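Enquirer: Please find one structure pasted underneath; my questions will follow.
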Amino acid sequence: MRSNHCRSGVLATLFLAFILLSGQLCTGAAAAVLEAKIGLALSMTGGAAAYGATQKQGAQLAVDEINAATGAAGIKVVPVFEDDASQPQQGITVFNKFINGDKVALIIGPTLSNTAQVTDRIAQQAGMPVLAVSNTAKGITEIGDYIFRDSLTEMIVIPYTMKIAREKLGVHKVAVFYGNDDAFTKGGYDAFKKALADAHIEIVTEQTFAKGDRDFSPQLTQIKGKNPDAIVVSALVEEASGIVIQARQLGIPASIPIIGGNGFNSPALLANAGEAAEGVMMGAAWNASSILPLNKKFVEAFTAKYGHPPDQFAAQAYAGVYLACEAVKRAGSATDHKAIRKAMSEIKDLDTVLGKFSFTPERDADHTPVVQVVKGGKFAVFGE
Ligand code: 1QQ
């Protein structure tokens with residue numbers, strides 16, 4: 001009788017503990033918080049520093065929001081920011097530190113495709129998931145099944161941009177100007193070339209430049225002599241700014257639009273080129289005016305925190321941190337890279353500032369692009 005009583009007491013206690021524990025697990029309120037170290041390799045210095053600066057701001061905002069809601073989200077993010085210096089060699093150093101030193105759950109970055117094409121091989125070999133938030137060149141996710149991206153590629157954005165240019169601006173013959181020593185600018189050139197052929201737009205001349213060039217007048221003089229309807233440019237923002245300024249200085253009129261790719265989507269273009277940037281068009285993944293409820297909240301919070309509105313790179317980095325946390329949360333582990341990789345690949349229709357987000361089977365982003373145009377010193381949606 002007594003032992004029975006005792007046993008039922010023990011059972012009742014166990015039952016109560018079970019109820020309490022399962023209640024906690026369901027609400028997540030007092031469940032153990034999963035701490036996820038995320039390595040972010042972003043360009044803080046070098047040619048891509050303008051992109052890296054806003055990427056870091058976007059990522060930090062997401063980290064702050066997620067950590068402020070840790071109780072509900074059940075995850076605490078510990079970001080490890082490192083500068084990849086816009087250089088493949090420094091990218092390798094940073095990736096090795098993340099993999100072997102910090103032992104992060106996954107890596108976000110690096111900023112440039114030119115760096116990613118070497119660093120991502122190291123991550124793939126080590127079985128470390130990577131989420132690119134700004135690589136748009138072909139061949140990045142092809143490196144292997146641990147490599148993902150939320151950045152819309154040039155192969156998706158450029159054809160749409162050229163279709164709009166042809167239909168809305170009557171562009172039938174163009175000059176092509178591109179950097180021939182960078183994975184992104186070369187990839188953008190390939191994307192332009194294919195899109196132009198598909199849209200039956202004639203190329204009247206092809207000109208090239210190299211990273212760090214400052215004088216573009218010889219090539220622009222050639223271009224001017226061919227009298228194109230538009231100039232399509234595949235360049236990172238430093239060189240893009242110089243090209244835009246010098247084209248107008250050489251007397252190529254604003255009625256001949258300059259059309260760029262992803263490299264043009266930085267406010268650095270507006271700051272560097274000023275008045276000369278007016279009317280410049282570029283393919284993009286995102287525009288600040290997107291009316292998605294999450295986006296409005298993001299633009300407001302970002303502007304309040306930093307005193308200026310976000311750009312596309314900030315938006316993609318912000319979305320990237322949320323995607324990364326979702327994968328870690330679903331994997332239920334910050335160290336099981338195989339499980340994190342699998343969880344990432346299974347993300348479907350997640351609400352993000354980029355829209356409802358799913359990865360393609362090739363681990364790329366897939367959503368509607370937008371064509372931006374510089375109007376009154378801002379990136380507006382073309383035609384709106
Ligand atoms: C790339 C890019 C750059 C223009 C931005 C970081 O898209 O290198 O792939």
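Starting from 1 in every chain, residues are counted up; chains themselves are A, B, ... following the order of the structure tokens, and ligands are numbered from 1 as listed.
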Given a cut-off of 9 Å, what residues near ligand 1 show up using only C-alpha atoms and all ligand atoms, put as a ChimeraX atom specification?

Expert: /A:43,48,50-52,110-116,133-138,140,151-154,182-185,187-188,234-237,261-266,313

Enquirer: Please provide as number ranges by chain all residues within 10 Å of A:Ala271, with the sequence filter that same-chain residues fewer than 5 positions apart are discarded (counting only C-alpha atoms).

Expert: A: 241, 266, 277, 377

Enquirer: Which of stretch 181-225 of chain A end up as strand (DSSP E or B) when DSSP is run on this backbone - answer as an MDAnalysis selection string?

Expert: chainID A and resid 202:209

Enquirer: Can you spit out the residues from that selection as a JSON list (two decimals), in the first residue's frame, using N, CA, C and O atoms?

Expert:
```json
[["chain", "number", "residue", "atom", "x", "y", "z"],
["A", 202, "GLU", "N", 21.61, 43.94, -81.84],
["A", 202, "GLU", "CA", 22.93, 43.88, -82.47],
["A", 202, "GLU", "C", 24.01, 44.48, -81.56],
["A", 202, "GLU", "O", 23.76, 45.48, -80.87],
["A", 203, "ILE", "N", 25.21, 43.87, -81.58],
["A", 203, "ILE", "CA", 26.35, 44.44, -80.84],
["A", 203, "ILE", "C", 27.23, 45.17, -81.86],
["A", 203, "ILE", "O", 27.76, 44.55, -82.77],
["A", 204, "VAL", "N", 27.38, 46.50, -81.71],
["A", 204, "VAL", "CA", 28.16, 47.26, -82.70],
["A", 204, "VAL", "C", 29.64, 47.31, -82.34],
["A", 204, "VAL", "O", 30.48, 47.49, -83.21],
["A", 205, "THR", "N", 29.95, 47.18, -81.05],
["A", 205, "THR", "CA", 31.36, 47.08, -80.64],
["A", 205, "THR", "C", 31.44, 46.45, -79.25],
["A", 205, "THR", "O", 30.52, 46.57, -78.45],
["A", 206, "GLU", "N", 32.56, 45.76, -79.01],
["A", 206, "GLU", "CA", 32.82, 45.22, -77.66],
["A", 206, "GLU", "C", 34.13, 45.82, -77.17],
["A", 206, "GLU", "O", 35.13, 45.80, -77.89],
["A", 207, "GLN", "N", 34.11, 46.38, -75.97],
["A", 207, "GLN", "CA", 35.30, 46.99, -75.39],
["A", 207, "GLN", "C", 35.52, 46.39, -74.00],
["A", 207, "GLN", "O", 34.56, 45.99, -73.34],
["A", 208, "THR", "N", 36.78, 46.36, -73.58],
["A", 208, "THR", "CA", 37.08, 45.80, -72.25],
["A", 208, "THR", "C", 37.90, 46.77, -71.42],
["A", 208, "THR", "O", 38.51, 47.70, -71.93],
["A", 209, "PHE", "N", 37.88, 46.54, -70.11],
["A", 209, "PHE", "CA", 38.75, 47.27, -69.19],
["A", 209, "PHE", "C", 39.25, 46.27, -68.15],
["A", 209, "PHE", "O", 38.79, 45.12, -68.12]]
```

Enquirer: Name the closest residue to A:Tyr160 among the candidates A:Asp198, A:Asp190, A:Glu326, A:Asp181; distances are taken between atoms, counting only C-alpha atoms.

Expert: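 Among the listed residues, the smallest separation from A:Tyr160 belongs to A:Asp198.
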
Enquirer: Can you measure atom CA of A:Asp349 to atom CA of A:Ile291 for me? One decimal in Å is fine.

Expert: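 According to the coordinates, atom CA of A:Asp349 and atom CA of A:Ile291 are separated by 17.3 Å.
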
Enquirer: Quick one: residues within 8 Å of A:Ile231, only C-alpha atoms counted, chain neighbours fewer than 5 positions away excluded, as an MDAnalysis selection string?

Expert: chainID A and resid 174:177 256:259

Enquirer: Please measure the separation of atom CA of A:Leu250 and atom CA of A:Gly274, giving the value in Å to one decimal.

Expert: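 Separating atom CA of A:Leu250 from atom CA of A:Gly274 is a distance of 16.0 Å.
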
Enquirer: Set the distance at 10 Å and use only C-alpha atoms: which residues neighbour A:Val299 once local chain neighbours fewer than 3 positions away are removed? I'd like the list as JSON, numbers by chain.

Expert: {"A": [288, 289, 290, 294, 295, 296, 302, 303, 304, 305, 308, 309, 310, 311, 314, 315, 353]}

Enquirer: Can you pull out the residues contacting A:Ile347? Cut-off 9 Å, using only C-alpha atoms, and skip same-chain residues under 2 positions away; I want them as number ranges by chain.

Expert: A: 323, 326-327, 343-345, 349-350, 357-359

Enquirer: Just N, CA and C atoms for this one: save the residues we selected as a compact mmCIF listing (two decimals), in the first residue's frame.

Expert:
```txt
# COMPACT_ATOMS: atom_id res chain seq x y z
N LEU A 323 17.55 33.33 -43.31
CA LEU A 323 17.57 32.00 -43.95
C LEU A 323 18.55 31.08 -43.21
N GLU A 326 17.06 30.01 -39.92
CA GLU A 326 15.99 29.04 -40.17
C GLU A 326 16.58 27.64 -40.37
N ALA A 327 17.66 27.58 -41.15
CA ALA A 327 18.29 26.28 -41.42
C ALA A 327 18.86 25.67 -40.13
N ALA A 343 18.70 20.99 -44.11
CA ALA A 343 17.60 21.89 -43.69
C ALA A 343 17.52 23.10 -44.61
N MET A 344 18.67 23.62 -44.99
CA MET A 344 18.70 24.79 -45.89
C MET A 344 18.04 24.42 -47.22
N SER A 345 18.39 23.25 -47.74
CA SER A 345 17.87 22.85 -49.06
C SER A 345 16.36 22.66 -49.01
N ASP A 349 9.17 28.58 -49.42
CA ASP A 349 8.23 29.69 -49.24
C ASP A 349 8.40 30.43 -47.92
N LEU A 350 9.62 30.61 -47.51
CA LEU A 350 9.87 31.38 -46.28
C LEU A 350 9.65 32.86 -46.58
N PHE A 357 10.52 32.87 -50.14
CA PHE A 357 11.80 32.37 -50.64
C PHE A 357 11.91 30.84 -50.59
N SER A 358 12.29 30.26 -51.74
CA SER A 358 12.65 28.85 -51.82
C SER A 358 13.92 28.75 -52.66
N PHE A 359 14.78 27.79 -52.35
CA PHE A 359 15.94 27.57 -53.22
C PHE A 359 15.51 26.67 -54.37
```

Enquirer: May I ask which of the residues A:Lys194, A:Gly179, A:Lys297, A:Val374 is the closest one to A:Ile243, counting only C-alpha atoms?

Expert: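 Answer, going by the shortest atom-to-atom distance: A:Gly179.
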
Enquirer: What separation in Å, quoted to one decimal, exists between atom CA of A:Thr360 and atom CA of A:Thr141?

Expert: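 Distance reported for this atom pair: 10.7 Å.
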